Amino acid sequence: MCGIVGYIGPKQAFPVLIKGLTRLEYRGYDSAGVALLGDELQVFKKAGKVSVLEEYVAQQGKKPANVGIGHTRWATHGEPNDRNAHPHLSQNGEIAIIHNGIIENYNSLKVELQQRGHEFKSDTDTEVLVHLIEDIYIHNEGLPFEEAVRMALGQVIGAYAVVVLNKTMPDLLIGARKGSPMVIGIGDGEHYIASDAAPLVEYTRNVIYLNDGEVAVIDKGELVIKTIDNDIKTPYIQELEIHLESIEKGGYDHFMIKEIFEQPRSVYDSIRGRISLKEELVEMAGIKQYENKWMNLKRILIVGCGTSWHAALVGEYLFEDLARIPVEVEYASEFRYRNPVVGEEDMVIAISQSGETADTLAAIELAKSRGATIFGICNVVGASIPRASDAGAYTHAGPEIGVASTKAFTAQVTALILIAIAVGQRKGTLTKERVRTLLNELETIPSKIEKTLESNDLIKFIAEEFKDARNFLYLGRGYGFPVALEGALKLKEISYIHAEGYPAAEMKHGPIALIDEEMPVVVIATNHSSYEKVISNIQEVKARKGKVIAIATEGDTMMKKMADYVIEIPDCDEVLLPLLATIPLQLLSYHIAVMRGCNVDQPRNLAKSVTVE
Ligand code: G6P
């Protein structure tokens, strides 16, 4: 949530910042701003997208500057307008700050500062912090500016990633993090700071991920990493794994459709190196590391938010089916504020695309404090969640930029399938034959996804028919149920059509009252264990004149007679169903959203990475 970028070095800062903000825009896009430090300090900020800011700066005129900070905002405190956009300035206008996160005690700090004569121009929590830094700095003569920043951060309760510059110190840039991500890029005589690696990729491959409570001080070309308490840390420089082409649209109209079409590859990448068909074995380092524990688990807890929570639900079916371990699936936000019964015996699996979701991180910390072992399933290498986990598995889907998650979901499900097979195999709950079948099926999944994507034109045609619907119902049973939930979420997120996912049999207990000729009902109706039951549910919808769009197994002639529209997917083992059945639903929401003129990559009010609770 909120994208931040900073630059200090020989280049002109503005082009670096604006390009960086465009790459970070998926994190928030209700306003944007930059502060440029050259002979003078210039601040430009505007409500709206980064492109609006760019035009505004072009009109206003900027001066040369080799230092700068930029921000793209997802509003928490204060409505999205020019005034509340970042950067924010200190009272004397000399210090500028950008911030991602929430300062929880901003109100009490604000009152104290107001009593000391500070006047605030915005409604944000961030402005309080820059005034606090200034207050400490000017009231402690001789105090190094960097120390004033650390002292101010020491008073903050909440989460932050901040970058600060000072007009009177043009060789200095300071970044700090607690609970919100921050990465430093090291170039040739230059440094970059950003919320994630996307803005750095084209300039450097050498990066340092700051740890919580660390401050990066870049002064006269030298970088020093220290803690808020001034303990110097040895920086760990990593090589960036992502490449430029993976964060660009590559000829597609939107990131979302590019990412949907990347799924044969991303699912393949999630499987790659983890199965041996010859030895009929799944090998995952994170399982090996805690093998004993996995073998003797009494239950598994899975936590996540949004789409990752839907993957967790698939995980519940998988672990119970394949490894015979009871599973509880929890919204991370609920789990962290209950008094959950969790302890040393438990394995808590945390699922997150970004690895930065605040609620999921907090759920991990709570489970950890009660002695549970944490297994993180994450897409972003080096993010906070894998770092806070005892063991884990990366999903290897590659960067996901579209705010609505697509390829990350199928990669999460793939990882869960592999883990469940690995555990089931070791526990002996799966026969050799069953393992062989599953592994062979998994091998064919990328090409089956390819085949499923061939329905794109048909799905576009169906989208045209239903683009003006006001409500949608999604039904599924068994493995089809989380798929129904995910399909409904995708539609809501990007087309703003109200949609509900429901277990098909539960329809009778409520949603059936909504069905009439105006109600499209998407049904996961493949040839698996509940096939006949789902057919009965379809009849119930048809009897009330609902319009049925069925996701059915290739060659199902009966379904063609029954449903109004049929989207076929290749035959597959039931446990792999979510990997195929989700794809037509992603395409359906994508086409409907495009036809309705919605911004599919940046839907209103949403953000890709929710780093505030
Ligand atoms: C946001 C995103 C969703 C995502 C959810 C959880 O709401 O818009 O696409 O599923 O956060 O994010 P995570 O990174 O933890 O998977």
# chains A, B, ... in the order shown; residues from 1 in each chain; ligands from 1
call {"tool": "select_by_dssp", "arguments": {"residues": "region 99-316 of chain A", "states": "helix (DSSP H, G or I)", "output": "PyMOL selection string"}}
result
chain A and resi 106-115+126-139+145-154+244-247+255-261+263-271+285-289+291-295+306-316
call {"tool": "residues_near_ligand", "arguments": {"ligand": "ligand 1", "cutoff": "6 Å", "atoms": "only C-alpha atoms and all ligand atoms", "output": "ChimeraX atom specification"}}
result
/A:305-308,352-355,357,403-405,606-610
call {"tool": "write_last_selection", "arguments": {"atoms": "N, CA, C and O atoms", "output": "compact mmCIF listing (two decimals), in the first residue's frame"}}
result
# COMPACT_ATOMS: atom_id res chain seq x y z
N CYS A 305 -5.38 -13.64 3.43
CA CYS A 305 -6.41 -12.62 3.16
C CYS A 305 -6.75 -12.67 1.67
O CYS A 305 -5.92 -13.05 0.85
N GLY A 306 -7.95 -12.24 1.34
CA GLY A 306 -8.35 -12.09 -0.06
C GLY A 306 -8.21 -13.38 -0.84
O GLY A 306 -8.60 -14.46 -0.39
N THR A 307 -7.61 -13.27 -2.00
CA THR A 307 -7.41 -14.44 -2.86
C THR A 307 -6.57 -15.51 -2.16
O THR A 307 -6.80 -16.71 -2.33
N SER A 308 -5.60 -15.07 -1.38
CA SER A 308 -4.76 -16.05 -0.67
C SER A 308 -5.59 -16.86 0.32
O SER A 308 -5.29 -18.02 0.60
N SER A 352 0.57 -15.77 1.17
CA SER A 352 0.53 -14.36 0.76
C SER A 352 1.30 -14.19 -0.54
O SER A 352 2.44 -14.64 -0.66
N GLN A 353 0.66 -13.55 -1.51
CA GLN A 353 1.36 -13.24 -2.75
C GLN A 353 2.51 -12.29 -2.45
O GLN A 353 3.65 -12.56 -2.78
N SER A 354 2.18 -11.16 -1.83
CA SER A 354 3.17 -10.09 -1.65
C SER A 354 4.16 -10.38 -0.53
O SER A 354 5.28 -9.90 -0.55
N GLY A 355 3.70 -11.14 0.46
CA GLY A 355 4.55 -11.37 1.63
C GLY A 355 4.60 -10.17 2.55
O GLY A 355 5.44 -10.09 3.45
N THR A 357 1.39 -8.45 3.59
CA THR A 357 0.07 -8.11 4.10
C THR A 357 0.11 -8.01 5.62
O THR A 357 0.49 -8.95 6.33
N VAL A 403 -3.77 -5.69 -9.94
CA VAL A 403 -4.18 -5.71 -8.53
C VAL A 403 -4.99 -6.98 -8.22
O VAL A 403 -4.83 -7.58 -7.17
N ALA A 404 -5.84 -7.39 -9.15
CA ALA A 404 -6.59 -8.63 -8.92
C ALA A 404 -5.67 -9.82 -9.16
O ALA A 404 -5.08 -9.96 -10.23
N SER A 405 -5.55 -10.65 -8.16
CA SER A 405 -4.58 -11.75 -8.23
C SER A 405 -5.07 -12.86 -9.16
O SER A 405 -6.22 -13.29 -9.09
N LEU A 606 -8.87 -0.30 -4.29
CA LEU A 606 -8.07 -1.48 -3.92
C LEU A 606 -6.58 -1.19 -4.03
O LEU A 606 -6.18 -0.21 -4.63
N ALA A 607 -5.80 -2.05 -3.43
CA ALA A 607 -4.35 -1.96 -3.60
C ALA A 607 -3.81 -3.37 -3.65
O ALA A 607 -4.43 -4.30 -3.14
N LYS A 608 -2.67 -3.50 -4.26
CA LYS A 608 -2.09 -4.83 -4.45
C LYS A 608 -1.56 -5.39 -3.14
O LYS A 608 -1.66 -6.58 -2.87
N SER A 609 -0.94 -4.51 -2.40
CA SER A 609 -0.24 -5.00 -1.23
C SER A 609 -0.77 -4.21 -0.03
O SER A 609 -0.56 -3.01 0.07
N VAL A 610 -1.50 -4.90 0.84
CA VAL A 610 -2.22 -4.19 1.90
C VAL A 610 -1.36 -4.17 3.17
O VAL A 610 -1.46 -5.06 4.01
call {"tool": "residues_around", "arguments": {"residues": "region 152-160 of chain A", "least_positions_apart": "3", "cutoff": "6 Å", "atoms": "only C-alpha atoms", "output": "ChimeraX atom specification"}}
result
/A:100-105,133,149,177-180
call {"tool": "write_last_selection", "arguments": {"atoms": "N, CA, C and O atoms", "output": "PDB file, in the first residue's frame"}}
result
ATOM      1  N   ASN A 100       4.819   5.227   3.849  1.00  0.00           N
ATOM      2  CA  ASN A 100       3.859   4.152   3.624  1.00  0.00           C
ATOM      3  C   ASN A 100       3.613   3.505   4.978  1.00  0.00           C
ATOM      4  O   ASN A 100       4.556   3.138   5.662  1.00  0.00           O
ATOM      5  N   GLY A 101       2.349   3.390   5.373  1.00  0.00           N
ATOM      6  CA  GLY A 101       2.052   2.778   6.669  1.00  0.00           C
ATOM      7  C   GLY A 101       1.066   3.635   7.438  1.00  0.00           C
ATOM      8  O   GLY A 101       0.411   4.512   6.865  1.00  0.00           O
ATOM      9  N   ILE A 102       0.949   3.378   8.734  1.00  0.00           N
ATOM     10  CA  ILE A 102       0.034   4.173   9.560  1.00  0.00           C
ATOM     11  C   ILE A 102       0.733   4.520  10.872  1.00  0.00           C
ATOM     12  O   ILE A 102       1.290   3.625  11.537  1.00  0.00           O
ATOM     13  N   ILE A 103       0.692   5.790  11.227  1.00  0.00           N
ATOM     14  CA  ILE A 103       1.229   6.203  12.528  1.00  0.00           C
ATOM     15  C   ILE A 103       0.042   6.243  13.487  1.00  0.00           C
ATOM     16  O   ILE A 103      -0.806   7.143  13.413  1.00  0.00           O
ATOM     17  N   GLU A 104      -0.021   5.252  14.350  1.00  0.00           N
ATOM     18  CA  GLU A 104      -1.235   5.092  15.163  1.00  0.00           C
ATOM     19  C   GLU A 104      -1.383   6.179  16.224  1.00  0.00           C
ATOM     20  O   GLU A 104      -2.482   6.555  16.569  1.00  0.00           O
ATOM     21  N   ASN A 105      -0.250   6.661  16.752  1.00  0.00           N
ATOM     22  CA  ASN A 105      -0.345   7.685  17.800  1.00  0.00           C
ATOM     23  C   ASN A 105      -0.208   9.094  17.231  1.00  0.00           C
ATOM     24  O   ASN A 105       0.235  10.010  17.914  1.00  0.00           O
ATOM     25  N   ILE A 133      10.112  15.389  13.473  1.00  0.00           N
ATOM     26  CA  ILE A 133      11.555  15.361  13.162  1.00  0.00           C
ATOM     27  C   ILE A 133      12.123  16.777  13.275  1.00  0.00           C
ATOM     28  O   ILE A 133      13.157  17.023  13.905  1.00  0.00           O
ATOM     29  N   VAL A 149      15.977  12.112  13.062  1.00  0.00           N
ATOM     30  CA  VAL A 149      15.034  11.216  12.372  1.00  0.00           C
ATOM     31  C   VAL A 149      14.843   9.951  13.206  1.00  0.00           C
ATOM     32  O   VAL A 149      13.720   9.506  13.455  1.00  0.00           O
ATOM     33  N   ARG A 177      12.457   1.636   7.964  1.00  0.00           N
ATOM     34  CA  ARG A 177      11.252   0.805   7.884  1.00  0.00           C
ATOM     35  C   ARG A 177      10.908   0.142   9.209  1.00  0.00           C
ATOM     36  O   ARG A 177      11.779  -0.194  10.009  1.00  0.00           O
ATOM     37  N   LYS A 178       9.611  -0.013   9.412  1.00  0.00           N
ATOM     38  CA  LYS A 178       9.095  -0.853  10.489  1.00  0.00           C
ATOM     39  C   LYS A 178       7.720  -1.342  10.015  1.00  0.00           C
ATOM     40  O   LYS A 178       6.794  -0.544   9.887  1.00  0.00           O
ATOM     41  N   GLY A 179       7.638  -2.580   9.668  1.00  0.00           N
ATOM     42  CA  GLY A 179       6.354  -3.144   9.273  1.00  0.00           C
ATOM     43  C   GLY A 179       5.932  -2.875   7.843  1.00  0.00           C
ATOM     44  O   GLY A 179       4.946  -3.420   7.389  1.00  0.00           O
ATOM     45  N   SER A 180       6.640  -2.034   7.121  1.00  0.00           N
ATOM     46  CA  SER A 180       6.340  -1.806   5.697  1.00  0.00           C
ATOM     47  C   SER A 180       7.642  -2.012   4.928  1.00  0.00           C
ATOM     48  O   SER A 180       8.699  -1.610   5.401  1.00  0.00           O
TER      49      SER A 180
END
call {"tool": "residues_around", "arguments": {"residues": "Ala47 (chain A)", "least_positions_apart": "2", "cutoff": "12 Å", "atoms": "only C-alpha atoms", "output": "ChimeraX atom specification"}}
result
/A:28-33,44-45,49-54,56,71-75,79-86
call {"tool": "closest_residue", "arguments": {"among": "A:Gly185, A:Pro603, A:Gly250, A:Pro446", "to": "Val201 (chain A)", "atoms": "only C-alpha atoms"}}
result
A:Gly185
call {"tool": "residues_around", "arguments": {"residues": "Pro87 (chain A)", "least_positions_apart": "3", "cutoff": "8 Å", "atoms": "only C-alpha atoms", "output": "number ranges by chain"}}
result
A: 33-35, 43, 45, 69-71, 96-99
call {"tool": "closest_atom_pairs", "arguments": {"of": "region 559-595 of chain A", "to": "region 469-491 of chain A", "cutoff": "10 Å", "atoms": "only C-alpha atoms", "output": "Markdown table"}}
result
| residue | atom | partner | partner_atom | distance |
| --- | --- | --- | --- | --- |
| A:Glu574 | CA | A:Tyr479 | CA | 7.3 |
| A:Val575 | CA | A:Tyr479 | CA | 6.9 |
| A:Leu576 | CA | A:Tyr479 | CA | 8.5 |
| A:Leu577 | CA | A:Tyr479 | CA | 6.7 |
| A:Pro578 | CA | A:Val483 | CA | 5.9 |
| A:Leu579 | CA | A:Val483 | CA | 9.0 |
| A:Leu580 | CA | A:Val483 | CA | 9.6 |
| A:Ala581 | CA | A:Val483 | CA | 6.9 |
| A:Thr582 | CA | A:Val483 | CA | 5.7 |
| A:Ile583 | CA | A:Gly487 | CA | 8.9 |
| A:Pro584 | CA | A:Gly487 | CA | 8.8 |
| A:Leu585 | CA | A:Gly487 | CA | 5.2 |
| A:Gln586 | CA | A:Lys490 | CA | 6.5 |
| A:Leu587 | CA | A:Lys490 | CA | 9.4 |
| A:Leu588 | CA | A:Leu491 | CA | 7.9 |
| A:Ser589 | CA | A:Leu491 | CA | 4.7 |
| A:Tyr590 | CA | A:Leu491 | CA | 7.7 |
| A:His591 | CA | A:Leu491 | CA | 9.9 |
| A:Ile592 | CA | A:Leu491 | CA | 8.1 |
| A:Ala593 | CA | A:Leu491 | CA | 7.7 |
call {"tool": "write_last_selection", "arguments": {"atoms": "N, CA, C and O atoms", "output": "PDB file, in the first residue's frame"}}
result
ATOM      1  N   GLU A 574      -9.658 -34.660  -9.693  1.00  0.00           N
ATOM      2  CA  GLU A 574     -10.453 -33.689  -8.938  1.00  0.00           C
ATOM      3  C   GLU A 574      -9.607 -32.724  -8.106  1.00  0.00           C
ATOM      4  O   GLU A 574      -9.930 -31.543  -8.000  1.00  0.00           O
ATOM      5  N   VAL A 575      -8.512 -33.216  -7.532  1.00  0.00           N
ATOM      6  CA  VAL A 575      -7.737 -32.331  -6.653  1.00  0.00           C
ATOM      7  C   VAL A 575      -7.079 -31.194  -7.441  1.00  0.00           C
ATOM      8  O   VAL A 575      -6.692 -30.183  -6.869  1.00  0.00           O
ATOM      9  N   LEU A 576      -6.956 -31.373  -8.748  1.00  0.00           N
ATOM     10  CA  LEU A 576      -6.317 -30.333  -9.561  1.00  0.00           C
ATOM     11  C   LEU A 576      -7.331 -29.377 -10.179  1.00  0.00           C
ATOM     12  O   LEU A 576      -6.962 -28.416 -10.866  1.00  0.00           O
ATOM     13  N   LEU A 577      -8.613 -29.641  -9.922  1.00  0.00           N
ATOM     14  CA  LEU A 577      -9.677 -28.846 -10.538  1.00  0.00           C
ATOM     15  C   LEU A 577      -9.489 -27.327 -10.392  1.00  0.00           C
ATOM     16  O   LEU A 577      -9.653 -26.585 -11.373  1.00  0.00           O
ATOM     17  N   PRO A 578      -9.123 -26.811  -9.183  1.00  0.00           N
ATOM     18  CA  PRO A 578      -9.005 -25.344  -9.067  1.00  0.00           C
ATOM     19  C   PRO A 578      -8.007 -24.740 -10.051  1.00  0.00           C
ATOM     20  O   PRO A 578      -8.158 -23.597 -10.456  1.00  0.00           O
ATOM     21  N   LEU A 579      -6.989 -25.527 -10.442  1.00  0.00           N
ATOM     22  CA  LEU A 579      -5.974 -24.984 -11.349  1.00  0.00           C
ATOM     23  C   LEU A 579      -6.555 -24.705 -12.731  1.00  0.00           C
ATOM     24  O   LEU A 579      -6.063 -23.850 -13.463  1.00  0.00           O
ATOM     25  N   LEU A 580      -7.587 -25.438 -13.109  1.00  0.00           N
ATOM     26  CA  LEU A 580      -8.184 -25.223 -14.431  1.00  0.00           C
ATOM     27  C   LEU A 580      -9.463 -24.388 -14.344  1.00  0.00           C
ATOM     28  O   LEU A 580      -9.673 -23.461 -15.124  1.00  0.00           O
ATOM     29  N   ALA A 581     -10.335 -24.723 -13.393  1.00  0.00           N
ATOM     30  CA  ALA A 581     -11.666 -24.105 -13.367  1.00  0.00           C
ATOM     31  C   ALA A 581     -11.618 -22.611 -13.040  1.00  0.00           C
ATOM     32  O   ALA A 581     -12.525 -21.862 -13.407  1.00  0.00           O
ATOM     33  N   THR A 582     -10.551 -22.169 -12.360  1.00  0.00           N
ATOM     34  CA  THR A 582     -10.445 -20.746 -12.012  1.00  0.00           C
ATOM     35  C   THR A 582     -10.188 -19.880 -13.248  1.00  0.00           C
ATOM     36  O   THR A 582     -10.598 -18.721 -13.304  1.00  0.00           O
ATOM     37  N   ILE A 583      -9.526 -20.466 -14.231  1.00  0.00           N
ATOM     38  CA  ILE A 583      -9.050 -19.659 -15.363  1.00  0.00           C
ATOM     39  C   ILE A 583     -10.188 -19.040 -16.192  1.00  0.00           C
ATOM     40  O   ILE A 583     -10.157 -17.836 -16.474  1.00  0.00           O
ATOM     41  N   PRO A 584     -11.231 -19.811 -16.566  1.00  0.00           N
ATOM     42  CA  PRO A 584     -12.343 -19.160 -17.292  1.00  0.00           C
ATOM     43  C   PRO A 584     -12.990 -18.046 -16.473  1.00  0.00           C
ATOM     44  O   PRO A 584     -13.453 -17.054 -17.045  1.00  0.00           O
ATOM     45  N   LEU A 585     -13.005 -18.193 -15.149  1.00  0.00           N
ATOM     46  CA  LEU A 585     -13.635 -17.163 -14.315  1.00  0.00           C
ATOM     47  C   LEU A 585     -12.785 -15.885 -14.295  1.00  0.00           C
ATOM     48  O   LEU A 585     -13.320 -14.779 -14.282  1.00  0.00           O
ATOM     49  N   GLN A 586     -11.468 -16.064 -14.311  1.00  0.00           N
ATOM     50  CA  GLN A 586     -10.586 -14.886 -14.403  1.00  0.00           C
ATOM     51  C   GLN A 586     -10.852 -14.159 -15.721  1.00  0.00           C
ATOM     52  O   GLN A 586     -10.992 -12.931 -15.762  1.00  0.00           O
ATOM     53  N   LEU A 587     -10.941 -14.943 -16.805  1.00  0.00           N
ATOM     54  CA  LEU A 587     -11.157 -14.331 -18.131  1.00  0.00           C
ATOM     55  C   LEU A 587     -12.513 -13.645 -18.209  1.00  0.00           C
ATOM     56  O   LEU A 587     -12.646 -12.562 -18.774  1.00  0.00           O
ATOM     57  N   LEU A 588     -13.523 -14.292 -17.624  1.00  0.00           N
ATOM     58  CA  LEU A 588     -14.873 -13.714 -17.668  1.00  0.00           C
ATOM     59  C   LEU A 588     -14.876 -12.344 -16.971  1.00  0.00           C
ATOM     60  O   LEU A 588     -15.387 -11.355 -17.516  1.00  0.00           O
ATOM     61  N   SER A 589     -14.291 -12.283 -15.779  1.00  0.00           N
ATOM     62  CA  SER A 589     -14.296 -10.976 -15.095  1.00  0.00           C
ATOM     63  C   SER A 589     -13.465  -9.964 -15.863  1.00  0.00           C
ATOM     64  O   SER A 589     -13.846  -8.794 -15.952  1.00  0.00           O
ATOM     65  N   TYR A 590     -12.343 -10.415 -16.406  1.00  0.00           N
ATOM     66  CA  TYR A 590     -11.504  -9.481 -17.166  1.00  0.00           C
ATOM     67  C   TYR A 590     -12.298  -8.853 -18.323  1.00  0.00           C
ATOM     68  O   TYR A 590     -12.349  -7.628 -18.465  1.00  0.00           O
ATOM     69  N   HIS A 591     -12.944  -9.690 -19.128  1.00  0.00           N
ATOM     70  CA  HIS A 591     -13.631  -9.151 -20.318  1.00  0.00           C
ATOM     71  C   HIS A 591     -14.817  -8.273 -19.914  1.00  0.00           C
ATOM     72  O   HIS A 591     -15.045  -7.230 -20.518  1.00  0.00           O
ATOM     73  N   ILE A 592     -15.546  -8.710 -18.896  1.00  0.00           N
ATOM     74  CA  ILE A 592     -16.678  -7.882 -18.447  1.00  0.00           C
ATOM     75  C   ILE A 592     -16.165  -6.511 -17.991  1.00  0.00           C
ATOM     76  O   ILE A 592     -16.717  -5.470 -18.354  1.00  0.00           O
ATOM     77  N   ALA A 593     -15.092  -6.510 -17.216  1.00  0.00           N
ATOM     78  CA  ALA A 593     -14.553  -5.234 -16.693  1.00  0.00           C
ATOM     79  C   ALA A 593     -14.087  -4.338 -17.835  1.00  0.00           C
ATOM     80  O   ALA A 593     -14.354  -3.131 -17.834  1.00  0.00           O
TER      81      ALA A 593
END
call {"tool": "residues_around", "arguments": {"residues": "Glu222 (chain A)", "least_positions_apart": "3", "cutoff": "12 Å", "atoms": "only C-alpha atoms", "output": "MDAnalysis selection string"}}
result
chainID A and resid 8:9 171:174 186:191 216:219 225
call {"tool": "write_last_selection", "arguments": {"atoms": "N, CA, C and O atoms", "output": "PDB file, in the first residue's frame"}}
result
ATOM      1  N   ILE A   8      19.277   9.328  -5.179  1.00  0.00           N
ATOM      2  CA  ILE A   8      20.366  10.277  -4.924  1.00  0.00           C
ATOM      3  C   ILE A   8      21.582   9.812  -5.724  1.00  0.00           C
ATOM      4  O   ILE A   8      21.968   8.647  -5.649  1.00  0.00           O
ATOM      5  N   GLY A   9      22.103  10.699  -6.542  1.00  0.00           N
ATOM      6  CA  GLY A   9      23.240  10.313  -7.391  1.00  0.00           C
ATOM      7  C   GLY A   9      23.444  11.328  -8.489  1.00  0.00           C
ATOM      8  O   GLY A   9      22.890  12.425  -8.436  1.00  0.00           O
ATOM      9  N   ASP A 171      23.360  16.229   0.114  1.00  0.00           N
ATOM     10  CA  ASP A 171      24.049  14.945  -0.110  1.00  0.00           C
ATOM     11  C   ASP A 171      23.447  13.822   0.717  1.00  0.00           C
ATOM     12  O   ASP A 171      24.015  12.741   0.799  1.00  0.00           O
ATOM     13  N   LEU A 172      22.318  14.105   1.350  1.00  0.00           N
ATOM     14  CA  LEU A 172      21.798  13.140   2.324  1.00  0.00           C
ATOM     15  C   LEU A 172      20.396  12.641   1.964  1.00  0.00           C
ATOM     16  O   LEU A 172      19.524  13.426   1.577  1.00  0.00           O
ATOM     17  N   LEU A 173      20.202  11.347   2.089  1.00  0.00           N
ATOM     18  CA  LEU A 173      18.867  10.764   1.934  1.00  0.00           C
ATOM     19  C   LEU A 173      18.745   9.676   3.006  1.00  0.00           C
ATOM     20  O   LEU A 173      19.665   8.875   3.182  1.00  0.00           O
ATOM     21  N   ILE A 174      17.625   9.675   3.718  1.00  0.00           N
ATOM     22  CA  ILE A 174      17.468   8.699   4.810  1.00  0.00           C
ATOM     23  C   ILE A 174      16.204   7.884   4.582  1.00  0.00           C
ATOM     24  O   ILE A 174      15.129   8.434   4.298  1.00  0.00           O
ATOM     25  N   ILE A 186      21.736  -0.368  -5.113  1.00  0.00           N
ATOM     26  CA  ILE A 186      23.070   0.245  -5.119  1.00  0.00           C
ATOM     27  C   ILE A 186      23.576   0.309  -6.557  1.00  0.00           C
ATOM     28  O   ILE A 186      23.766  -0.724  -7.205  1.00  0.00           O
ATOM     29  N   GLY A 187      23.745   1.519  -7.065  1.00  0.00           N
ATOM     30  CA  GLY A 187      24.257   1.692  -8.424  1.00  0.00           C
ATOM     31  C   GLY A 187      25.684   2.209  -8.372  1.00  0.00           C
ATOM     32  O   GLY A 187      26.348   2.142  -7.326  1.00  0.00           O
ATOM     33  N   ASP A 188      26.142   2.732  -9.496  1.00  0.00           N
ATOM     34  CA  ASP A 188      27.495   3.242  -9.579  1.00  0.00           C
ATOM     35  C   ASP A 188      27.502   4.686  -9.080  1.00  0.00           C
ATOM     36  O   ASP A 188      27.076   5.590  -9.795  1.00  0.00           O
ATOM     37  N   GLY A 189      27.925   4.898  -7.852  1.00  0.00           N
ATOM     38  CA  GLY A 189      27.913   6.245  -7.269  1.00  0.00           C
ATOM     39  C   GLY A 189      26.524   6.798  -7.058  1.00  0.00           C
ATOM     40  O   GLY A 189      26.324   8.006  -6.990  1.00  0.00           O
ATOM     41  N   GLU A 190      25.533   5.928  -6.984  1.00  0.00           N
ATOM     42  CA  GLU A 190      24.152   6.394  -6.807  1.00  0.00           C
ATOM     43  C   GLU A 190      23.377   5.364  -5.991  1.00  0.00           C
ATOM     44  O   GLU A 190      23.759   4.196  -5.923  1.00  0.00           O
ATOM     45  N   HIS A 191      22.301   5.829  -5.370  1.00  0.00           N
ATOM     46  CA  HIS A 191      21.471   4.930  -4.567  1.00  0.00           C
ATOM     47  C   HIS A 191      20.001   5.175  -4.860  1.00  0.00           C
ATOM     48  O   HIS A 191      19.595   6.303  -5.144  1.00  0.00           O
ATOM     49  N   ALA A 216      18.477   3.391   6.770  1.00  0.00           N
ATOM     50  CA  ALA A 216      19.549   3.491   5.769  1.00  0.00           C
ATOM     51  C   ALA A 216      19.912   4.964   5.644  1.00  0.00           C
ATOM     52  O   ALA A 216      19.049   5.788   5.348  1.00  0.00           O
ATOM     53  N   VAL A 217      21.176   5.269   5.901  1.00  0.00           N
ATOM     54  CA  VAL A 217      21.625   6.661   5.784  1.00  0.00           C
ATOM     55  C   VAL A 217      22.582   6.735   4.598  1.00  0.00           C
ATOM     56  O   VAL A 217      23.639   6.087   4.607  1.00  0.00           O
ATOM     57  N   ILE A 218      22.176   7.479   3.583  1.00  0.00           N
ATOM     58  CA  ILE A 218      23.046   7.645   2.411  1.00  0.00           C
ATOM     59  C   ILE A 218      23.581   9.072   2.479  1.00  0.00           C
ATOM     60  O   ILE A 218      22.820  10.034   2.354  1.00  0.00           O
ATOM     61  N   ASP A 219      24.862   9.181   2.717  1.00  0.00           N
ATOM     62  CA  ASP A 219      25.457  10.502   2.917  1.00  0.00           C
ATOM     63  C   ASP A 219      26.731  10.605   2.084  1.00  0.00           C
ATOM     64  O   ASP A 219      27.630   9.786   2.228  1.00  0.00           O
ATOM     65  N   ILE A 225      23.927   1.249   7.142  1.00  0.00           N
ATOM     66  CA  ILE A 225      22.678   0.716   7.678  1.00  0.00           C
ATOM     67  C   ILE A 225      22.844   0.602   9.191  1.00  0.00           C
ATOM     68  O   ILE A 225      23.840   0.064   9.681  1.00  0.00           O
TER      69      ILE A 225
END
call {"tool": "residues_around", "arguments": {"residues": "Asn92 (chain A)", "least_positions_apart": "4", "cutoff": "12 Å", "atoms": "only C-alpha atoms", "output": "list of chain:residue names"}}
result
A:Leu41, A:His88, A:Ala96, A:Gly117, A:His118, A:Glu119, A:Phe120, A:Val130, A:His131, A:Ile133, A:Glu134, A:Asp135, A:Tyr137, A:Ile138, A:Asn166, A:Lys167, A:Thr168
call {"tool": "atom_distance", "arguments": {"atom1": "CA of Arg596 (chain A)", "atom2": "CA of Glu464 (chain A)"}}
result
9.6 Å
call {"tool": "atom_distance", "arguments": {"atom1": "CA of Tyr26 (chain A)", "atom2": "CA of Gly3 (chain A)"}}
result
8.1 Å
call {"tool": "select_by_dssp", "arguments": {"residues": "region 346-558 of chain A", "states": "strand (DSSP E)", "output": "PyMOL selection string"}}
result
chain A and resi 347-352+373-378+391-394+471-476+498-503+520-524+547-553
call {"tool": "closest_residue", "arguments": {"among": "A:Pro570, A:Gly48, A:Gly304, A:Gly68", "to": "Glu450 (chain A)", "atoms": "only C-alpha atoms"}}
result
A:Pro570
call {"tool": "closest_residue", "arguments": {"among": "A:Tyr192, A:Ser529, A:Glu554, A:Leu418", "to": "Glu441 (chain A)", "atoms": "only C-alpha atoms"}}
result
A:Leu418
call {"tool": "atom_distance", "arguments": {"atom1": "CA of Lys561 (chain A)", "atom2": "CA of Ala463 (chain A)"}}
result
20.1 Å
call {"tool": "closest_residue", "arguments": {"among": "A:Leu143, A:Val57, A:Ile401, A:Leu129", "to": "His254 (chain A)", "atoms": "only C-alpha atoms"}}
result
A:Ile401
call {"tool": "closest_residue", "arguments": {"among": "A:Thr406, A:Trp309, A:Tyr496, A:Val348", "to": "Val594 (chain A)", "atoms": "only C-alpha atoms"}}
result
A:Tyr496
call {"tool": "closest_residue", "arguments": {"among": "A:Leu361, A:Arg299, A:Ala312, A:Gln12", "to": "Val342 (chain A)", "atoms": "only C-alpha atoms"}}
result
A:Arg299
